[in-house]
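Visitor: I'm passing along upload.txt; it holds compact mmCIF, C-alpha atoms and all ligand atoms.
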# COMPACT_ATOMS: atom_id res chain seq x y z
CA MET U 1113 26.87 15.01 26.89
CA SER U 1114 26.49 14.52 23.14
CA SER U 1115 23.08 14.05 21.55
CA PRO U 1116 21.72 10.50 21.90
CA PHE U 1117 20.62 10.73 18.25
CA ILE U 1118 23.96 11.49 16.59
CA SER U 1119 24.29 8.12 14.84
CA GLN U 1120 20.77 8.48 13.44
CA GLN U 1121 21.61 11.87 11.92
CA SER U 1122 24.06 10.39 9.42
CA PHE U 1123 21.45 7.78 8.49
CA PHE U 1124 18.86 10.49 7.78
CA LYS U 1125 21.30 12.37 5.55
CA THR U 1126 21.93 9.39 3.29
CA ASN U 1127 18.52 7.70 3.37
CA THR U 1128 15.75 9.08 1.23
CA GLN U 1129 13.46 6.06 1.22
CA TYR U 1130 9.99 6.28 2.73
CA ARG U 1131 9.82 4.51 6.11
CA GLY U 1132 6.46 4.00 7.77
CA ARG U 1133 5.30 2.03 10.79
CA PHE U 1134 2.37 0.55 12.66
CA ALA U 1135 2.71 0.71 16.44
CA PRO U 1136 0.03 -1.35 18.20
CA SER U 1137 -0.29 -1.54 21.99
CA PRO U 1138 -0.79 -5.20 22.95
CA SER U 1139 -3.74 -4.50 25.24
CA GLY U 1140 -5.90 -6.91 23.24
CA ASP U 1141 -6.43 -8.42 19.79
CA LEU U 1142 -6.66 -6.24 16.69
CA HIS U 1143 -10.16 -4.87 16.10
CA PHE U 1144 -11.49 -3.12 13.02
CA GLY U 1145 -10.17 0.31 14.14
CA SER U 1146 -6.61 -0.91 14.51
CA LEU U 1147 -6.88 -2.87 11.25
CA VAL U 1148 -7.65 0.43 9.50
CA ALA U 1149 -4.54 2.05 11.04
CA ALA U 1150 -2.39 -0.93 10.08
CA LEU U 1151 -3.75 -1.07 6.54
CA GLY U 1152 -3.56 2.69 5.94
CA SER U 1153 0.05 2.92 7.11
CA PHE U 1154 0.99 -0.22 5.14
CA LEU U 1155 -0.62 0.91 1.86
CA GLN U 1156 0.84 4.40 2.12
CA ALA U 1157 4.35 2.94 2.67
CA LYS U 1158 4.07 0.44 -0.17
CA LYS U 1159 2.52 2.95 -2.59
CA ASN U 1160 5.60 5.10 -1.92
CA ASP U 1161 7.93 2.13 -2.60
CA GLY U 1162 8.86 2.35 1.03
CA GLN U 1163 9.42 0.10 3.99
CA TRP U 1164 6.85 -0.63 6.66
CA PHE U 1165 7.83 -1.59 10.20
CA VAL U 1166 5.88 -2.89 13.16
CA ARG U 1167 6.62 -1.83 16.70
CA ILE U 1168 5.03 -3.43 19.72
CA GLU U 1169 4.22 -0.61 22.16
CA ASP U 1170 4.17 -2.62 25.36
CA ILE U 1171 5.65 0.08 27.57
CA ASP U 1172 2.50 0.27 29.70
CA LYS U 1173 2.92 -3.22 31.17
CA PRO U 1174 -0.15 -3.09 33.45
CA ARG U 1175 -2.36 -2.65 30.34
CA GLU U 1176 -0.77 -5.49 28.40
CA GLN U 1177 -2.73 -8.65 27.74
CA LEU U 1178 -0.65 -11.79 27.74
CA GLY U 1179 -0.21 -13.23 24.23
CA ALA U 1180 -1.75 -10.17 22.50
CA ALA U 1181 1.51 -9.12 20.78
CA GLU U 1182 1.93 -12.54 19.16
CA GLN U 1183 -1.74 -12.54 18.21
CA ILE U 1184 -1.46 -9.11 16.56
CA LEU U 1185 1.60 -10.15 14.55
CA ALA U 1186 -0.11 -13.37 13.43
CA THR U 1187 -3.19 -11.37 12.39
CA LEU U 1188 -1.12 -8.91 10.35
CA ASN U 1189 0.48 -11.85 8.54
CA SER U 1190 -2.87 -13.49 7.85
CA PHE U 1191 -4.07 -10.18 6.35
CA GLY U 1192 -1.07 -10.17 3.99
CA MET U 1193 0.65 -7.25 5.71
CA HIS U 1194 4.21 -8.46 6.10
CA TRP U 1195 6.56 -6.02 7.79
CA ASP U 1196 10.12 -5.13 6.84
CA THR U 1197 13.21 -5.43 9.00
CA ASP U 1198 16.64 -3.85 8.82
CA SER U 1199 19.65 -3.28 11.05
CA LEU U 1200 18.17 -0.03 12.44
CA THR U 1201 14.90 -1.55 13.50
CA HIS U 1202 15.75 -5.10 14.40
CA SER U 1203 17.67 -6.01 17.52
CA PRO U 1204 19.45 -9.38 17.57
CA THR U 1205 17.70 -10.37 20.80
CA ASP U 1206 14.26 -9.99 19.34
CA ASN U 1207 12.74 -13.05 17.75
CA GLN U 1208 9.69 -11.28 16.33
CA ARG U 1209 11.91 -9.26 14.02
CA CYS U 1210 10.24 -6.05 15.07
CA ILE U 1211 10.95 -3.49 17.76
CA VAL U 1212 9.48 -4.25 21.17
CA GLN U 1213 9.50 -1.28 23.54
CA SER U 1214 9.94 -3.27 26.74
CA GLN U 1215 13.33 -4.39 25.38
CA ARG U 1216 14.50 -0.81 24.97
CA ILE U 1217 14.38 0.55 28.52
CA GLU U 1218 18.16 1.22 28.55
CA ARG U 1219 17.81 3.31 25.43
CA TYR U 1220 15.02 5.40 26.98
CA GLU U 1221 17.10 5.82 30.17
CA HIS U 1222 19.97 7.10 28.04
CA VAL U 1223 17.74 9.69 26.33
CA LEU U 1224 16.26 10.71 29.71
CA GLU U 1225 19.81 11.19 31.06
CA HIS U 1226 20.46 13.51 28.14
CA LEU U 1227 17.38 15.59 28.96
CA ILE U 1228 18.45 15.71 32.62
CA THR U 1229 21.87 17.05 31.60
CA LEU U 1230 20.13 19.69 29.52
CA ASP U 1231 18.28 20.65 32.73
CA ARG U 1232 14.93 19.99 31.13
CA ILE U 1233 13.56 17.44 33.60
CA TYR U 1234 12.05 17.96 37.03
CA ALA U 1235 10.20 15.78 39.51
CA CYS U 1236 6.55 16.35 40.30
CA GLN U 1237 4.49 15.05 43.20
CA CYS U 1238 1.07 16.37 42.15
CA THR U 1239 -1.67 13.79 42.03
CA ARG U 1240 -4.16 13.52 39.18
CA LYS U 1241 -6.86 14.67 41.61
CA GLN U 1242 -4.93 17.83 42.53
CA ILE U 1243 -4.37 18.70 38.87
CA LYS U 1244 -8.06 18.14 38.14
CA GLN U 1245 -8.97 20.53 40.94
CA LEU U 1246 -6.73 23.17 39.34
CA GLY U 1247 -8.65 22.99 36.05
CA ASP U 1248 -7.13 19.81 34.63
CA VAL U 1249 -4.04 21.54 33.28
CA TYR U 1250 -0.72 21.20 35.01
CA THR U 1251 0.78 24.64 35.43
CA GLY U 1252 4.26 23.81 36.69
CA THR U 1253 3.54 23.72 40.44
CA CYS U 1254 6.62 21.58 41.20
CA ARG U 1255 8.98 23.18 38.66
CA ASP U 1256 11.20 24.95 41.21
CA LEU U 1257 10.79 22.60 44.15
CA CYS U 1258 13.83 20.39 43.30
CA LEU U 1259 12.00 17.27 44.47
CA PRO U 1260 13.84 13.93 44.38
CA PHE U 1261 13.44 12.00 41.11
CA LYS U 1262 12.89 8.74 42.96
CA GLY U 1263 9.25 8.06 43.77
CA ASN U 1264 7.96 11.03 41.77
CA ALA U 1265 6.76 11.54 38.20
CA LEU U 1266 9.25 13.25 35.88
CA ARG U 1267 8.11 16.11 33.67
CA VAL U 1268 9.81 17.83 30.78
CA GLN U 1269 10.05 21.59 30.51
CA LEU U 1270 10.16 22.58 26.85
CA PRO U 1271 12.17 25.56 25.65
CA ASN U 1272 10.11 25.84 22.44
CA VAL U 1273 6.54 24.70 22.25
CA ILE U 1274 4.98 23.63 18.96
CA THR U 1275 1.27 24.46 18.86
CA ALA U 1276 0.34 23.60 15.24
CA PHE U 1277 1.39 21.29 12.44
CA GLU U 1278 0.44 20.52 8.85
CA ASP U 1279 -1.32 17.16 8.72
CA VAL U 1280 -1.09 15.47 5.30
CA LEU U 1281 -4.86 14.83 5.31
CA HIS U 1282 -6.35 17.50 7.57
CA GLY U 1283 -4.06 20.43 6.77
CA MET U 1284 -3.06 22.95 9.46
CA THR U 1285 -4.03 21.49 12.81
CA HIS U 1286 -3.83 23.41 16.09
CA SER U 1287 -3.43 22.07 19.57
CA ALA U 1288 -5.14 23.67 22.57
CA HIS U 1289 -2.68 26.28 23.91
CA SER U 1290 -2.70 25.07 27.51
CA PHE U 1291 -2.32 21.43 26.45
CA ALA U 1292 0.64 22.11 24.16
CA HIS U 1293 2.34 24.26 26.83
CA GLU U 1294 1.94 21.78 29.66
CA ASP U 1295 5.15 20.27 31.08
CA PHE U 1296 4.07 16.70 30.33
CA ILE U 1297 5.17 13.49 32.06
CA VAL U 1298 8.01 11.54 30.44
CA LYS U 1299 8.43 8.99 33.21
CA ARG U 1300 5.64 8.00 35.53
CA LYS U 1301 5.73 7.78 39.29
CA ASP U 1302 5.57 3.98 38.95
CA ASP U 1303 8.86 4.17 36.99
CA LEU U 1304 7.31 3.40 33.60
CA PHE U 1305 8.31 5.59 30.67
CA ALA U 1306 5.47 7.59 29.15
CA TYR U 1307 4.22 7.04 25.60
CA GLN U 1308 5.01 10.64 24.58
CA LEU U 1309 8.73 10.20 25.11
CA VAL U 1310 9.22 6.67 23.83
CA VAL U 1311 7.18 7.14 20.66
CA VAL U 1312 9.49 9.96 19.62
CA VAL U 1313 12.68 8.08 20.55
CA ASP U 1314 11.49 5.03 18.60
CA ASP U 1315 10.33 6.95 15.54
CA ILE U 1316 13.72 8.69 15.42
CA ASP U 1317 15.69 5.48 15.99
CA GLN U 1318 13.67 3.68 13.31
CA GLY U 1319 14.24 6.54 10.87
CA ILE U 1320 10.47 6.91 10.32
CA THR U 1321 9.76 9.48 7.60
CA GLU U 1322 5.97 9.52 7.89
CA VAL U 1323 3.62 8.52 10.71
CA VAL U 1324 0.21 7.25 9.59
CA ARG U 1325 -2.12 6.51 12.53
CA GLY U 1326 -5.60 7.12 13.90
CA ALA U 1327 -6.99 10.63 14.42
CA ASP U 1328 -7.36 9.96 18.16
CA ILE U 1329 -3.64 10.71 18.50
CA MET U 1330 -3.82 13.94 16.52
CA PRO U 1331 -4.06 16.17 19.64
CA LEU U 1332 -0.83 14.62 21.01
CA THR U 1333 1.21 15.31 17.89
CA CYS U 1334 2.23 18.85 18.88
CA ARG U 1335 3.83 17.52 22.06
CA GLN U 1336 5.77 14.99 20.03
CA LEU U 1337 6.88 17.73 17.65
CA SER U 1338 8.07 19.82 20.60
CA LEU U 1339 10.28 16.88 21.61
CA TYR U 1340 11.73 16.64 18.09
CA GLN U 1341 12.58 20.31 18.39
CA LEU U 1342 14.25 19.74 21.75
CA PHE U 1343 16.28 16.83 20.34
CA ASP U 1344 17.15 18.90 17.27
CA VAL U 1345 16.02 16.12 14.93
CA PRO U 1346 13.85 16.78 11.84
CA PRO U 1347 10.35 15.36 12.44
CA PRO U 1348 8.46 12.98 10.13
CA SER U 1349 5.29 14.05 8.36
CA TYR U 1350 1.97 13.04 9.94
CA LEU U 1351 -1.20 11.65 8.39
CA HIS U 1352 -4.06 10.95 10.75
CA LEU U 1353 -6.66 8.54 9.42
CA PRO U 1354 -10.33 8.84 10.38
CA LEU U 1355 -11.13 6.96 13.52
CA ALA U 1356 -13.63 4.09 13.43
CA VAL U 1357 -16.25 4.75 16.11
CA ASN U 1358 -19.28 2.88 17.44
CA GLN U 1359 -22.88 4.06 17.69
CA SER U 1360 -22.11 6.13 20.78
CA GLY U 1361 -19.25 7.90 19.00
CA LEU U 1362 -16.63 5.98 20.99
CA LYS U 1363 -13.43 4.68 19.42
CA LEU U 1364 -13.59 0.97 18.61
CA SER U 1365 -11.32 -0.50 21.22
CA LYS U 1366 -11.08 -3.38 23.57
CA GLN U 1367 -12.24 -1.10 26.41
CA ASN U 1368 -15.39 -0.34 24.42
CA HIS U 1369 -15.99 -4.03 23.72
CA ALA U 1370 -15.14 -3.96 20.00
CA SER U 1371 -15.00 -7.52 18.77
CA PRO U 1372 -11.61 -8.76 17.55
CA ILE U 1373 -11.26 -9.20 13.81
CA ASN U 1374 -11.46 -12.73 12.51
CA SER U 1375 -8.03 -13.66 11.21
CA ALA U 1376 -9.32 -17.05 10.02
CA ASN U 1377 -11.43 -15.23 7.40
CA PRO U 1378 -9.57 -12.03 6.51
CA LYS U 1379 -11.12 -11.15 3.13
CA PRO U 1380 -14.44 -9.60 4.26
CA GLU U 1381 -12.72 -7.42 6.91
CA LEU U 1382 -10.02 -6.40 4.44
CA ILE U 1383 -12.61 -5.30 1.87
CA LYS U 1384 -14.55 -3.48 4.59
CA ALA U 1385 -11.34 -1.65 5.59
CA PHE U 1386 -10.69 -0.73 1.91
CA GLU U 1387 -14.20 0.71 1.78
CA PHE U 1388 -13.62 2.66 5.02
CA LEU U 1389 -10.51 4.17 3.41
CA SER U 1390 -12.50 5.09 0.24
CA LEU U 1391 -10.84 2.62 -2.11
CA PRO U 1392 -13.05 1.88 -5.16
CA ILE U 1393 -14.20 -1.59 -4.10
CA HIS U 1394 -16.36 -3.77 -6.38
CA GLU U 1395 -18.01 -7.23 -6.33
CA GLN U 1396 -15.21 -9.13 -8.09
CA LEU U 1397 -12.79 -8.41 -5.25
CA GLN U 1398 -14.38 -11.38 -3.44
CA ASP U 1399 -12.69 -13.70 -5.96
CA LEU U 1400 -9.15 -12.49 -5.19
CA THR U 1401 -6.82 -14.09 -2.66
CA VAL U 1402 -5.62 -12.08 0.34
CA ASP U 1403 -2.26 -11.39 -1.35
CA GLU U 1404 -4.01 -10.30 -4.55
CA LEU U 1405 -6.30 -8.05 -2.53
CA ILE U 1406 -3.29 -6.40 -0.90
CA LEU U 1407 -1.70 -5.77 -4.32
CA TRP U 1408 -5.02 -4.36 -5.54
CA GLY U 1409 -5.10 -2.11 -2.45
CA ILE U 1410 -1.60 -0.77 -3.09
CA LYS U 1411 -2.50 -0.05 -6.72
CA HIS U 1412 -5.69 1.82 -5.80
CA TRP U 1413 -4.51 3.58 -2.64
CA ASP U 1414 -4.95 7.32 -3.08
CA VAL U 1415 -4.46 9.79 -0.23
CA SER U 1416 -6.43 12.46 -2.07
CA ARG U 1417 -9.55 10.23 -1.91
CA LEU U 1418 -9.32 9.59 1.84
CA PRO U 1419 -12.31 10.76 3.88
CA LYS U 1420 -11.48 13.95 5.77
CA GLN U 1421 -13.73 13.35 8.77
CA GLN U 1422 -11.92 12.64 12.00
CA GLU U 1423 -14.45 9.96 12.93
CA ILE U 1424 -16.54 7.51 10.96
CA TYR U 1425 -19.29 5.36 12.41
CA VAL U 1426 -18.83 1.65 11.73
CA PRO U 1427 -22.02 -0.40 12.15
N1 LIG K 1501 0.36 2.50 20.46
C1 LIG K 1501 -0.63 3.45 20.06
C2 LIG K 1501 -1.99 2.76 19.96
O1 LIG K 1501 -2.04 1.53 19.85
C3 LIG K 1501 -0.31 4.08 18.70
C4 LIG K 1501 0.74 5.10 18.82
C5 LIG K 1501 1.19 5.77 17.53
O2 LIG K 1501 0.85 5.27 16.43
O3 LIG K 1501 1.91 6.76 17.65
O4 LIG K 1501 -2.99 3.44 20.02
Show me, as structure tokens, the structure contained in the file I just sent.

Guide:
Amino acid sequence: MSSPFISQQSFFKTNTQYRGRFAPSPSGDLHFGSLVAALGSFLQAKKNDGQWFVRIEDIDKPREQLGAAEQILATLNSFGMHWDTDSLTHSPTDNQRCIVQSQRIERYEHVLEHLITLDRIYACQCTRKQIKQLGDVYTGTCRDLCLPFKGNALRVQLPNVITAFEDVLHGMTHSAHSFAHEDFIVKRKDDLFAYQLVVVVDDIDQGITEVVRGADIMPLTCRQLSLYQLFDVPPPSYLHLPLAVNQSGLKLSKQNHASPINSANPKPELIKAFEFLSLPIHEQLQDLTVDELILWGIKHWDVSRLPKQQEIYVP
């Protein structure tokens, strides 16, 4: 079976333009933490004269909140962050003009089939509880059991494991050995594809050259890089922005009751996000329109000024 990424390879050879993305999960409205990730990835793409795409990561259907995807897209527009589209990233069936993961199940099945032919996939019946009892690291218990795929989780066995990568902001970043070496789940027992697999398939299919996202995903990056290696596709570069956390050190998220940002009055939140990302804000910015603020942000965006902490408390 030929590589499912062959058509993308010729695109990579001829395309040298920067391509970035923002990939929100529609589990709720945007909050300040996700605004920072959106803004950072947008400014970095535009500063590099690149394109910026939005991808709705709604693969985990049980966690989706009805209407959240539309709400997120409307909020991005009201904050002056308008996303690009092209033939690689936009499917004719999609009216949002951005990639929506739940519309790409066939594509993920195709890639999974490829991994099965490479003999890299096996079924696993271990429960979360059992793995926890064994020290919370899965050590390949089911690897040689030849269990049926149906009704079981599917794990990938990697021939080469990546344990470190060079983050654009944080420099050389190592992953815990046991975590990087774990045969992780690519398709869940409930038949849903796992984030780890689909994020890589989508970033490859969209021709993403640099991933800018929150530092909470930094520990997962090595696993994604191991998949790139397995697919024999050159990986993008990675820049992990500091994570906005609350008083208890928890990521601002819907689960932690972060309040949604107010898209009816975007300027104060936008300026607050500029400040979070160390842009040289000043009083007169209040007088600019949202579009002028965005242009100001692109002009003053500077990766070398970004804070290097992995977490920043936001009052
Ligand atoms: N969908 C993930 C989130 O909302 C982001 C994944 C990524 O940027 O790779 O946290």

Visitor: Select, from U:Gln1163, U:Thr1275, U:Ser1390, U:Ser1214, the residue with the minimum atom-to-atom distance to U:Asp1196, counting only C-alpha atoms.

Guide: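 Closest residue, counting only C-alpha atoms: U:Gln1163.
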
Visitor: State, in Å with one decimal place, the distance from atom CA of U:Glu1278 to atom CA of U:Ser1349.

Guide: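 We find that atom CA of U:Glu1278 and atom CA of U:Ser1349 lie 8.1 Å from each other.
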
Visitor: Can I get the residues of stretch 1272-1347 of chain U within 12 Å of stretch 1133-1147 of chain U, each with the closest pair of atoms and their distance in Å to one decimal, using all atoms listed in the file, sorted chain first then ascending number, as JSON lines?

Guide:
{"residue": "U:Tyr1307", "atom": "CA", "partner": "U:Ser1137", "partner_atom": "CA", "distance": 10.3}
{"residue": "U:Val1310", "atom": "CA", "partner": "U:Ala1135", "partner_atom": "CA", "distance": 11.5}
{"residue": "U:Val1311", "atom": "CA", "partner": "U:Ala1135", "partner_atom": "CA", "distance": 8.9}
{"residue": "U:Val1312", "atom": "CA", "partner": "U:Ala1135", "partner_atom": "CA", "distance": 11.9}
{"residue": "U:Asp1314", "atom": "CA", "partner": "U:Ala1135", "partner_atom": "CA", "distance": 10.0}
{"residue": "U:Asp1315", "atom": "CA", "partner": "U:Arg1133", "partner_atom": "CA", "distance": 8.5}
{"residue": "U:Ile1316", "atom": "CA", "partner": "U:Arg1133", "partner_atom": "CA", "distance": 11.7}
{"residue": "U:Gln1318", "atom": "CA", "partner": "U:Arg1133", "partner_atom": "CA", "distance": 8.9}
{"residue": "U:Gly1319", "atom": "CA", "partner": "U:Arg1133", "partner_atom": "CA", "distance": 10.0}
{"residue": "U:Ile1320", "atom": "CA", "partner": "U:Arg1133", "partner_atom": "CA", "distance": 7.1}
{"residue": "U:Thr1321", "atom": "CA", "partner": "U:Arg1133", "partner_atom": "CA", "distance": 9.3}
{"residue": "U:Glu1322", "atom": "CA", "partner": "U:Arg1133", "partner_atom": "CA", "distance": 8.1}
{"residue": "U:Val1323", "atom": "CA", "partner": "U:Arg1133", "partner_atom": "CA", "distance": 6.7}
{"residue": "U:Val1324", "atom": "CA", "partner": "U:Arg1133", "partner_atom": "CA", "distance": 7.4}
{"residue": "U:Arg1325", "atom": "CA", "partner": "U:Phe1134", "partner_atom": "CA", "distance": 7.5}
{"residue": "U:Gly1326", "atom": "CA", "partner": "U:Ser1146", "partner_atom": "CA", "distance": 8.1}
{"residue": "U:Ala1327", "atom": "CA", "partner": "U:Gly1145", "partner_atom": "CA", "distance": 10.8}
{"residue": "U:Asp1328", "atom": "CA", "partner": "U:Gly1145", "partner_atom": "CA", "distance": 10.8}

Visitor: So how far away is atom CA of U:Gln1336 from atom CA of U:Gln1237, in Å?

Guide: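 Separation between atom CA of U:Gln1237 and atom CA of U:Gln1336: 23.2 Å.
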
Visitor: Need the shell around U:Ser1114: protein/DNA/RNA residues with any atom at most 12 Å away, counting all atoms listed in the file. Skip same-chain ones fewer than 5 positions apart. Format as a ChimeraX atom specification?

Guide: /U:1119,1222-1223,1225-1227,1229-1230,1343-1344

Visitor: Which is closer to ligand LIG 1501 (chain K) than all the others in U:Phe1123, U:Phe1291, U:Phe1165, U:Phe1386, using only C-alpha atoms and all ligand atoms?

Guide: U:Phe1165

Visitor: Emit as AutoDock Vina command-line options the padded axis-aligned box for all listed atoms of ligand LIG 1501 (chain K), 5 Å per side, with centre and edge lengths in Å to one decimal.

Guide:
--center_x -0.5 --center_y 4.1 --center_z 18.4 --size_x 14.9 --size_y 15.2 --size_z 14.0

Visitor: Tell me, as a ChimeraX atom specification, which residues lie within 10 Å of stretch 1409-1423 of chain U, counting all atoms listed in the file; anything in the same chain fewer than 3 positions away does not count.

Guide: /U:1151-1152,1154-1161,1280-1283,1326-1328,1330,1351-1358,1361-1363,1382-1383,1386,1388-1393,1403-1406,1426

Visitor: In Å, with one decimal, what is the gap from atom CA of U:Ile1233 to atom CA of U:Arg1267?

Guide: 5.6 Å

Visitor: Closest to U:Ser1287 among U:Leu1400, U:Ile1424, U:Leu1332, U:Cys1254, using only C-alpha atoms?

Guide: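 That would be U:Leu1332, the residue with the smallest distance to U:Ser1287.
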
Visitor: Which residue out of U:Pro1116, U:Pro1348, U:Gly1247, U:Gly1263 has the minimum interatomic distance to ligand LIG 1501 (chain K) when all atoms listed in the file are used?

Guide: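 Closest candidate: U:Pro1348.
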
Visitor: Measuring atom to atom with all atoms listed in the file, identify which of U:Lys1125, U:Lys1241, U:Arg1167, U:Arg1232 is nearest to ligand LIG 1501 (chain K).

Guide: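 Of U:Lys1125, U:Lys1241, U:Arg1167, U:Arg1232, the one nearest ligand LIG 1501 (chain K), counting all atoms listed in the file, is U:Arg1167.
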
Visitor: Here is a test: counting only C-alpha atoms and all ligand atoms, which residue of U:Leu1364, U:Ala1235, U:Leu1407, U:Ile1329 is nearest to ligand LIG 1501 (chain K)?

Guide: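 Nearest candidate to ligand LIG 1501 (chain K) out of U:Leu1364, U:Ala1235, U:Leu1407, U:Ile1329: U:Ile1329.
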
Visitor: Extract, using all atoms listed in the file, all DNA, RNA and protein residues at most 10 Å from U:Asp1295, discarding same-chain residues fewer than 5 positions from it, and format them as number ranges by chain.

Guide: U: 1232-1234, 1249-1252, 1255, 1266-1270, 1273, 1290, 1335

Visitor: For stretch 1183-1190 of chain U in the structure I just supplied, write out all heavy atoms - as a tab-separated table (two decimals), in the first residue's frame.

Guide:
chain	number	residue	atom	x	y	z
U	1183	GLN	N	-19.72	29.62	17.29
U	1183	GLN	CA	-19.42	30.72	18.22
U	1183	GLN	C	-17.93	31.09	18.16
U	1183	GLN	O	-17.57	32.27	18.13
U	1183	GLN	CB	-19.80	30.24	19.63
U	1183	GLN	CG	-19.70	31.27	20.72
U	1183	GLN	CD	-20.81	32.29	20.61
U	1183	GLN	OE1	-21.94	31.91	20.30
U	1183	GLN	NE2	-20.50	33.55	20.82
U	1184	ILE	N	-17.07	30.08	18.14
U	1184	ILE	CA	-15.62	30.32	18.10
U	1184	ILE	C	-15.25	31.06	16.81
U	1184	ILE	O	-14.51	32.05	16.83
U	1184	ILE	CB	-14.85	28.98	18.21
U	1184	ILE	CG1	-14.99	28.39	19.62
U	1184	ILE	CG2	-13.38	29.15	17.83
U	1184	ILE	CD1	-14.46	26.98	19.78
U	1185	LEU	N	-15.81	30.61	15.70
U	1185	LEU	CA	-15.49	31.24	14.41
U	1185	LEU	C	-15.98	32.70	14.40
U	1185	LEU	O	-15.27	33.60	13.94
U	1185	LEU	CB	-16.12	30.45	13.25
U	1185	LEU	CG	-15.53	29.04	13.06
U	1185	LEU	CD1	-16.32	28.27	12.00
U	1185	LEU	CD2	-14.06	29.08	12.69
U	1186	ALA	N	-17.17	32.93	14.95
U	1186	ALA	CA	-17.70	34.29	15.00
U	1186	ALA	C	-16.81	35.17	15.88
U	1186	ALA	O	-16.53	36.33	15.56
U	1186	ALA	CB	-19.13	34.27	15.53
U	1187	THR	N	-16.33	34.60	16.99
U	1187	THR	CA	-15.45	35.37	17.89
U	1187	THR	C	-14.14	35.72	17.20
U	1187	THR	O	-13.67	36.85	17.29
U	1187	THR	CB	-15.17	34.56	19.19
U	1187	THR	OG1	-16.43	34.22	19.78
U	1187	THR	CG2	-14.36	35.35	20.17
U	1188	LEU	N	-13.56	34.76	16.50
U	1188	LEU	CA	-12.30	35.05	15.79
U	1188	LEU	C	-12.51	36.20	14.81
U	1188	LEU	O	-11.69	37.12	14.72
U	1188	LEU	CB	-11.81	33.81	15.03
U	1188	LEU	CG	-11.32	32.65	15.90
U	1188	LEU	CD1	-11.00	31.42	15.04
U	1188	LEU	CD2	-10.08	33.06	16.72
U	1189	ASN	N	-13.63	36.18	14.09
U	1189	ASN	CA	-13.91	37.26	13.15
U	1189	ASN	C	-14.07	38.59	13.87
U	1189	ASN	O	-13.55	39.61	13.42
U	1189	ASN	CB	-15.18	36.94	12.34
U	1189	ASN	CG	-14.85	36.11	11.11
U	1189	ASN	OD1	-13.81	36.32	10.47
U	1189	ASN	ND2	-15.71	35.17	10.77
U	1190	SER	N	-14.76	38.57	15.01
U	1190	SER	CA	-14.98	39.85	15.70
U	1190	SER	C	-13.68	40.40	16.29
U	1190	SER	O	-13.56	41.59	16.53
U	1190	SER	CB	-16.07	39.72	16.77
U	1190	SER	OG	-15.59	38.91	17.80
